[in-house]
Amino acid sequence: GELTGHGEAEVVLDRTPFYAEGGGQVGDQGTIREPGDGSWLFTVEDTQRPVGGLIVHRGTLHGRLKVGETVEAVVDAERRAHTMRNHTGTHLLHRALRNVVGNSARQAGSLVHPDYLRFDYPFDRALTDDEKRAIEDEVRAIVRDDRPVAVEYMSMADAEAHGADAFFDEKYGETVRTIRVQDYSFELCGGTHCRATGQIGGFVITA
């Protein structure tokens, strides 16, 4: 089969560098083009995983795409980097929040976007100004420390034994991906992250 013309379309590749929306992190954007810096064939506006193992690139077609063709998939690197900083920032915020107000404030959801992060947690009251300042100060200290961020795959049992934080009844397989900020936070997570906390840059609670 082939797609021709211009307009909205969905493309599935046999493998892809694009991150599909999941774990609160928005899907990647970018382009699909002919190999070797060739012409743009498709603009990827969103990447989704409607069912396990299937990654769908949604966007706009600018020409002709045929099954079996070789293409180059290019992620919007700047947008990915902004998103990545906000995702690692979310893990620091989560740890700092629990350190400041207690472990009952555990993550119930989040949105990791290139422009900002949103964090959802159950708690019986609003944070005081002092608590917000304490959380910001703690996160900023970890950012200044430029602590290494390590990705490791392990069994669910090992992750639990090592005290990994896992949330909101997500379905995890036998092997899980963990993100460890050295001597600070340890979570199950499938998202994209900084190599070290210093890459986050700034952190401020706006609301």
# chains A, B, ... in the order shown; residues from 1 in each chain; ligands from 1
call {"tool": "select_by_dssp", "arguments": {"residues": "stretch 109-202 of chain A", "states": "alpha helix (DSSP H)", "output": "JSON, numbers by chain"}}
result
{"A": [129, 130, 131, 132, 133, 134, 135, 136, 137, 138, 139, 140, 141, 142, 143, 144, 145, 156, 157, 158, 159, 160, 161]}
call {"tool": "select_by_dssp", "arguments": {"residues": "stretch 117-149 of chain A", "states": "strand (DSSP E)", "output": "list in words"}}
result
Leu117, Arg118, Phe119, Asp120 and Val149 of chain A
call {"tool": "write_last_selection", "arguments": {"atoms": "N, CA and C atoms", "output": "short mmCIF file (atom, residue, chain, number, x, y, z; two decimals), in the first residue's frame"}}
result
data_model
loop_
_atom_site.label_atom_id
_atom_site.label_comp_id
_atom_site.auth_asym_id
_atom_site.auth_seq_id
_atom_site.Cartn_x
_atom_site.Cartn_y
_atom_site.Cartn_z
N LEU A 117 6.08 21.27 33.59
CA LEU A 117 5.63 19.99 34.12
C LEU A 117 4.47 20.25 35.07
N ARG A 118 3.58 19.29 35.14
CA ARG A 118 2.47 19.35 36.10
C ARG A 118 2.52 18.07 36.93
N PHE A 119 2.32 18.21 38.22
CA PHE A 119 2.45 17.06 39.12
C PHE A 119 1.19 16.91 39.96
N ASP A 120 0.63 15.72 39.98
CA ASP A 120 -0.61 15.47 40.72
C ASP A 120 -0.32 14.54 41.90
N VAL A 149 22.45 10.63 36.50
CA VAL A 149 21.15 9.97 36.39
C VAL A 149 21.38 8.67 35.63
#
call {"tool": "residues_around", "arguments": {"residues": "stretch 187-195 of chain A", "least_positions_apart": "2", "cutoff": "6 Å", "atoms": "only C-alpha atoms", "output": "list in words"}}
result
Met84, Thr88, Val149, Ala164, Asp165, Ala166, Arg177, Thr178 and Ile179 of chain A
call {"tool": "write_last_selection", "arguments": {"atoms": "N, CA, C and O atoms", "output": "PDB file, in the first residue's frame"}}
result
ATOM      1  N   MET A  84      12.781  16.277  28.270  1.00  0.00           N
ATOM      2  CA  MET A  84      13.655  15.451  29.087  1.00  0.00           C
ATOM      3  C   MET A  84      14.008  16.157  30.401  1.00  0.00           C
ATOM      4  O   MET A  84      13.963  15.570  31.478  1.00  0.00           O
ATOM      5  N   THR A  88      13.088  14.662  34.195  1.00  0.00           N
ATOM      6  CA  THR A  88      14.005  14.454  35.314  1.00  0.00           C
ATOM      7  C   THR A  88      13.621  15.394  36.464  1.00  0.00           C
ATOM      8  O   THR A  88      13.644  15.004  37.640  1.00  0.00           O
ATOM      9  N   VAL A 149      22.450  10.630  36.500  1.00  0.00           N
ATOM     10  CA  VAL A 149      21.146   9.971  36.386  1.00  0.00           C
ATOM     11  C   VAL A 149      21.379   8.667  35.633  1.00  0.00           C
ATOM     12  O   VAL A 149      21.886   8.681  34.514  1.00  0.00           O
ATOM     13  N   ALA A 164      12.380   0.873  44.758  1.00  0.00           N
ATOM     14  CA  ALA A 164      11.965   1.765  43.667  1.00  0.00           C
ATOM     15  C   ALA A 164      10.526   2.219  43.874  1.00  0.00           C
ATOM     16  O   ALA A 164       9.682   1.434  44.313  1.00  0.00           O
ATOM     17  N   ASP A 165      10.263   3.483  43.564  1.00  0.00           N
ATOM     18  CA  ASP A 165       8.900   4.005  43.621  1.00  0.00           C
ATOM     19  C   ASP A 165       8.173   3.632  42.328  1.00  0.00           C
ATOM     20  O   ASP A 165       8.682   3.874  41.236  1.00  0.00           O
ATOM     21  N   ALA A 166       6.996   3.033  42.473  1.00  0.00           N
ATOM     22  CA  ALA A 166       6.170   2.683  41.314  1.00  0.00           C
ATOM     23  C   ALA A 166       4.762   3.191  41.580  1.00  0.00           C
ATOM     24  O   ALA A 166       4.301   3.155  42.711  1.00  0.00           O
ATOM     25  N   ARG A 177      12.156  -0.752  33.763  1.00  0.00           N
ATOM     26  CA  ARG A 177      13.193   0.256  33.551  1.00  0.00           C
ATOM     27  C   ARG A 177      13.159   1.199  34.744  1.00  0.00           C
ATOM     28  O   ARG A 177      12.094   1.685  35.134  1.00  0.00           O
ATOM     29  N   THR A 178      14.313   1.423  35.329  1.00  0.00           N
ATOM     30  CA  THR A 178      14.384   2.292  36.499  1.00  0.00           C
ATOM     31  C   THR A 178      15.287   3.488  36.217  1.00  0.00           C
ATOM     32  O   THR A 178      16.216   3.408  35.416  1.00  0.00           O
ATOM     33  N   ILE A 179      14.971   4.607  36.870  1.00  0.00           N
ATOM     34  CA  ILE A 179      15.757   5.837  36.759  1.00  0.00           C
ATOM     35  C   ILE A 179      16.240   6.191  38.161  1.00  0.00           C
ATOM     36  O   ILE A 179      15.424   6.402  39.067  1.00  0.00           O
TER      37      ILE A 179
END
call {"tool": "atom_distance", "arguments": {"atom1": "atom CA of A:Ile205", "atom2": "atom CA of A:Asn99"}}
result
16.3 Å
call {"tool": "residues_around", "arguments": {"residues": "A:Met154", "least_positions_apart": "3", "cutoff": "7 Å", "atoms": "only C-alpha atoms", "output": "list in words"}}
result
Asp158, Ala159, Thr175, Val176 and Arg177 of chain A
call {"tool": "residues_around", "arguments": {"residues": "A:Arg64", "least_positions_apart": "2", "cutoff": "10 Å", "atoms": "only C-alpha atoms", "output": "JSON, numbers by chain"}}
result
{"A": [2, 3, 4, 5, 6, 40, 41, 42, 61, 62, 66]}
call {"tool": "closest_residue", "arguments": {"among": "A:Gly89, A:Gly109, A:Pro148, A:Gly163", "to": "A:Glu136", "atoms": "only C-alpha atoms"}}
result
A:Gly89
call {"tool": "residues_around", "arguments": {"residues": "A:Gly38", "least_positions_apart": "2", "cutoff": "12 Å", "atoms": "only C-alpha atoms", "output": "list in words"}}
result
Thr31, Ile32, Arg33, Glu34, Pro35, Gly36, Trp40, Leu41, Phe42, Thr70, Val71, Glu72, Ala73 and Val74 of chain A
call {"tool": "atom_distance", "arguments": {"atom1": "atom CA of A:His113", "atom2": "atom CA of A:Glu10"}}
result
22.0 Å
call {"tool": "residues_around", "arguments": {"residues": "A:Asp115", "least_positions_apart": "3", "cutoff": "10 Å", "atoms": "only C-alpha atoms", "output": "number ranges by chain"}}
result
A: 79, 82-83, 85-86, 112
call {"tool": "write_last_selection", "arguments": {"atoms": "N, CA, C and O atoms", "output": "PDB file, in the first residue's frame"}}
result
ATOM      1  N   ARG A  79      12.987  20.073  21.227  1.00  0.00           N
ATOM      2  CA  ARG A  79      11.757  19.809  21.971  1.00  0.00           C
ATOM      3  C   ARG A  79      11.952  18.607  22.903  1.00  0.00           C
ATOM      4  O   ARG A  79      11.512  18.606  24.045  1.00  0.00           O
ATOM      5  N   HIS A  82      13.997  19.714  25.994  1.00  0.00           N
ATOM      6  CA  HIS A  82      13.161  20.452  26.961  1.00  0.00           C
ATOM      7  C   HIS A  82      12.288  19.477  27.757  1.00  0.00           C
ATOM      8  O   HIS A  82      12.143  19.592  28.975  1.00  0.00           O
ATOM      9  N   THR A  83      11.695  18.517  27.053  1.00  0.00           N
ATOM     10  CA  THR A  83      10.806  17.539  27.685  1.00  0.00           C
ATOM     11  C   THR A  83      11.583  16.686  28.687  1.00  0.00           C
ATOM     12  O   THR A  83      11.127  16.436  29.810  1.00  0.00           O
ATOM     13  N   ARG A  85      14.341  17.440  30.296  1.00  0.00           N
ATOM     14  CA  ARG A  85      14.690  18.210  31.503  1.00  0.00           C
ATOM     15  C   ARG A  85      13.497  18.266  32.462  1.00  0.00           C
ATOM     16  O   ARG A  85      13.660  18.148  33.674  1.00  0.00           O
ATOM     17  N   ASN A  86      12.312  18.437  31.899  1.00  0.00           N
ATOM     18  CA  ASN A  86      11.117  18.487  32.740  1.00  0.00           C
ATOM     19  C   ASN A  86      10.785  17.117  33.335  1.00  0.00           C
ATOM     20  O   ASN A  86      10.208  17.039  34.422  1.00  0.00           O
ATOM     21  N   VAL A 112       4.321  15.732  31.549  1.00  0.00           N
ATOM     22  CA  VAL A 112       5.666  16.204  31.230  1.00  0.00           C
ATOM     23  C   VAL A 112       5.644  16.749  29.810  1.00  0.00           C
ATOM     24  O   VAL A 112       5.451  16.011  28.850  1.00  0.00           O
TER      25      VAL A 112
END
call {"tool": "decode", "arguments": {"residues": "stretch 79-193 of chain A", "atoms": "C-alpha atoms", "output": "compact mmCIF listing (two decimals), in the first residue's frame"}}
result
# COMPACT_ATOMS: atom_id res chain seq x y z
CA ARG A 79 11.76 19.81 21.97
CA ARG A 80 12.93 16.38 23.21
CA ALA A 81 15.65 18.04 25.33
CA HIS A 82 13.16 20.45 26.96
CA THR A 83 10.81 17.54 27.68
CA MET A 84 13.65 15.45 29.09
CA ARG A 85 14.69 18.21 31.50
CA ASN A 86 11.12 18.49 32.74
CA HIS A 87 10.87 14.70 33.19
CA THR A 88 14.00 14.45 35.31
CA GLY A 89 12.73 17.56 37.13
CA THR A 90 9.48 15.73 37.90
CA HIS A 91 11.40 12.94 39.66
CA LEU A 92 13.32 15.50 41.77
CA LEU A 93 10.11 17.37 42.61
CA HIS A 94 8.46 14.12 43.69
CA ARG A 95 11.32 13.19 46.02
CA ALA A 96 11.63 16.71 47.45
CA LEU A 97 7.85 16.93 48.02
CA ARG A 98 7.90 13.67 49.99
CA ASN A 99 11.00 14.73 51.93
CA VAL A 100 9.32 18.01 52.92
CA VAL A 101 5.73 16.93 53.69
CA GLY A 102 5.95 13.15 54.10
CA ASN A 103 5.53 9.97 52.07
CA SER A 104 1.74 10.23 51.85
CA ALA A 105 2.25 12.82 49.06
CA ARG A 106 3.02 10.24 46.41
CA GLN A 107 2.57 10.75 42.71
CA ALA A 108 -0.92 10.13 41.35
CA GLY A 109 -0.19 11.40 37.84
CA SER A 110 1.85 13.96 35.95
CA LEU A 111 2.18 15.78 32.67
CA VAL A 112 5.67 16.20 31.23
CA HIS A 113 5.66 18.79 28.44
CA PRO A 114 8.50 20.69 26.71
CA ASP A 115 7.32 23.98 28.29
CA TYR A 116 6.44 22.89 31.82
CA LEU A 117 5.63 19.99 34.12
CA ARG A 118 2.47 19.35 36.10
CA PHE A 119 2.45 17.06 39.12
CA ASP A 120 -0.61 15.47 40.72
CA TYR A 121 -0.65 14.05 44.25
CA PRO A 122 -3.25 13.42 46.95
CA PHE A 123 -2.85 15.54 50.10
CA ASP A 124 -5.26 16.88 52.70
CA ARG A 125 -4.25 20.54 52.35
CA ALA A 126 -2.43 23.07 50.19
CA LEU A 127 1.33 23.51 50.61
CA THR A 128 2.41 26.50 52.69
CA ASP A 129 4.73 29.12 51.17
CA ASP A 130 7.54 27.84 53.40
CA GLU A 131 7.04 24.28 52.14
CA LYS A 132 7.05 25.43 48.52
CA ARG A 133 10.29 27.34 49.15
CA ALA A 134 11.83 24.31 50.89
CA ILE A 135 10.91 22.06 47.93
CA GLU A 136 12.35 24.54 45.41
CA ASP A 137 15.54 24.91 47.46
CA GLU A 138 16.00 21.15 47.70
CA VAL A 139 15.44 20.55 43.98
CA ARG A 140 17.79 23.41 43.07
CA ALA A 141 20.49 21.98 45.36
CA ILE A 142 20.27 18.60 43.59
CA VAL A 143 20.43 20.38 40.21
CA ARG A 144 23.54 22.32 41.30
CA ASP A 145 25.13 19.07 42.52
CA ASP A 146 24.91 17.80 38.92
CA ARG A 147 24.23 14.27 40.14
CA PRO A 148 24.45 11.42 37.61
CA VAL A 149 21.15 9.97 36.39
CA ALA A 150 21.36 6.23 35.67
CA VAL A 151 18.99 4.07 33.61
CA GLU A 152 18.89 0.41 34.60
CA TYR A 153 16.74 -2.57 33.60
CA MET A 154 15.95 -5.14 36.29
CA SER A 155 13.28 -7.57 37.40
CA MET A 156 10.21 -6.14 39.12
CA ALA A 157 11.18 -8.11 42.26
CA ASP A 158 14.67 -6.54 42.30
CA ALA A 159 13.24 -3.06 41.78
CA GLU A 160 10.84 -3.54 44.69
CA ALA A 161 13.62 -5.00 46.86
CA HIS A 162 15.78 -1.93 46.13
CA GLY A 163 12.91 0.39 47.08
CA ALA A 164 11.97 1.76 43.67
CA ASP A 165 8.90 4.01 43.62
CA ALA A 166 6.17 2.68 41.31
CA PHE A 167 2.88 4.45 40.77
CA PHE A 168 -0.75 4.67 39.79
CA ASP A 169 -1.28 0.96 39.12
CA GLU A 170 0.53 1.04 35.79
CA LYS A 171 0.92 -2.32 34.13
CA TYR A 172 4.55 -3.31 34.44
CA GLY A 173 6.10 -6.36 32.79
CA GLU A 174 8.59 -8.77 34.35
CA THR A 175 11.54 -6.55 33.41
CA VAL A 176 11.24 -2.90 34.38
CA ARG A 177 13.19 0.26 33.55
CA THR A 178 14.38 2.29 36.50
CA ILE A 179 15.76 5.84 36.76
CA ARG A 180 18.14 6.56 39.64
CA VAL A 181 19.34 10.02 40.59
CA GLN A 182 22.48 9.28 42.61
CA ASP A 183 21.74 9.08 46.35
CA TYR A 184 18.40 10.80 45.86
CA SER A 185 15.50 9.30 43.90
CA PHE A 186 14.78 5.86 42.40
CA GLU A 187 11.67 5.31 40.26
CA LEU A 188 10.23 2.96 37.67
CA CYS A 189 9.95 5.02 34.49
CA GLY A 190 9.91 4.56 30.71
CA GLY A 191 10.53 8.21 29.84
CA THR A 192 13.48 10.20 28.52
CA HIS A 193 15.85 11.72 31.07
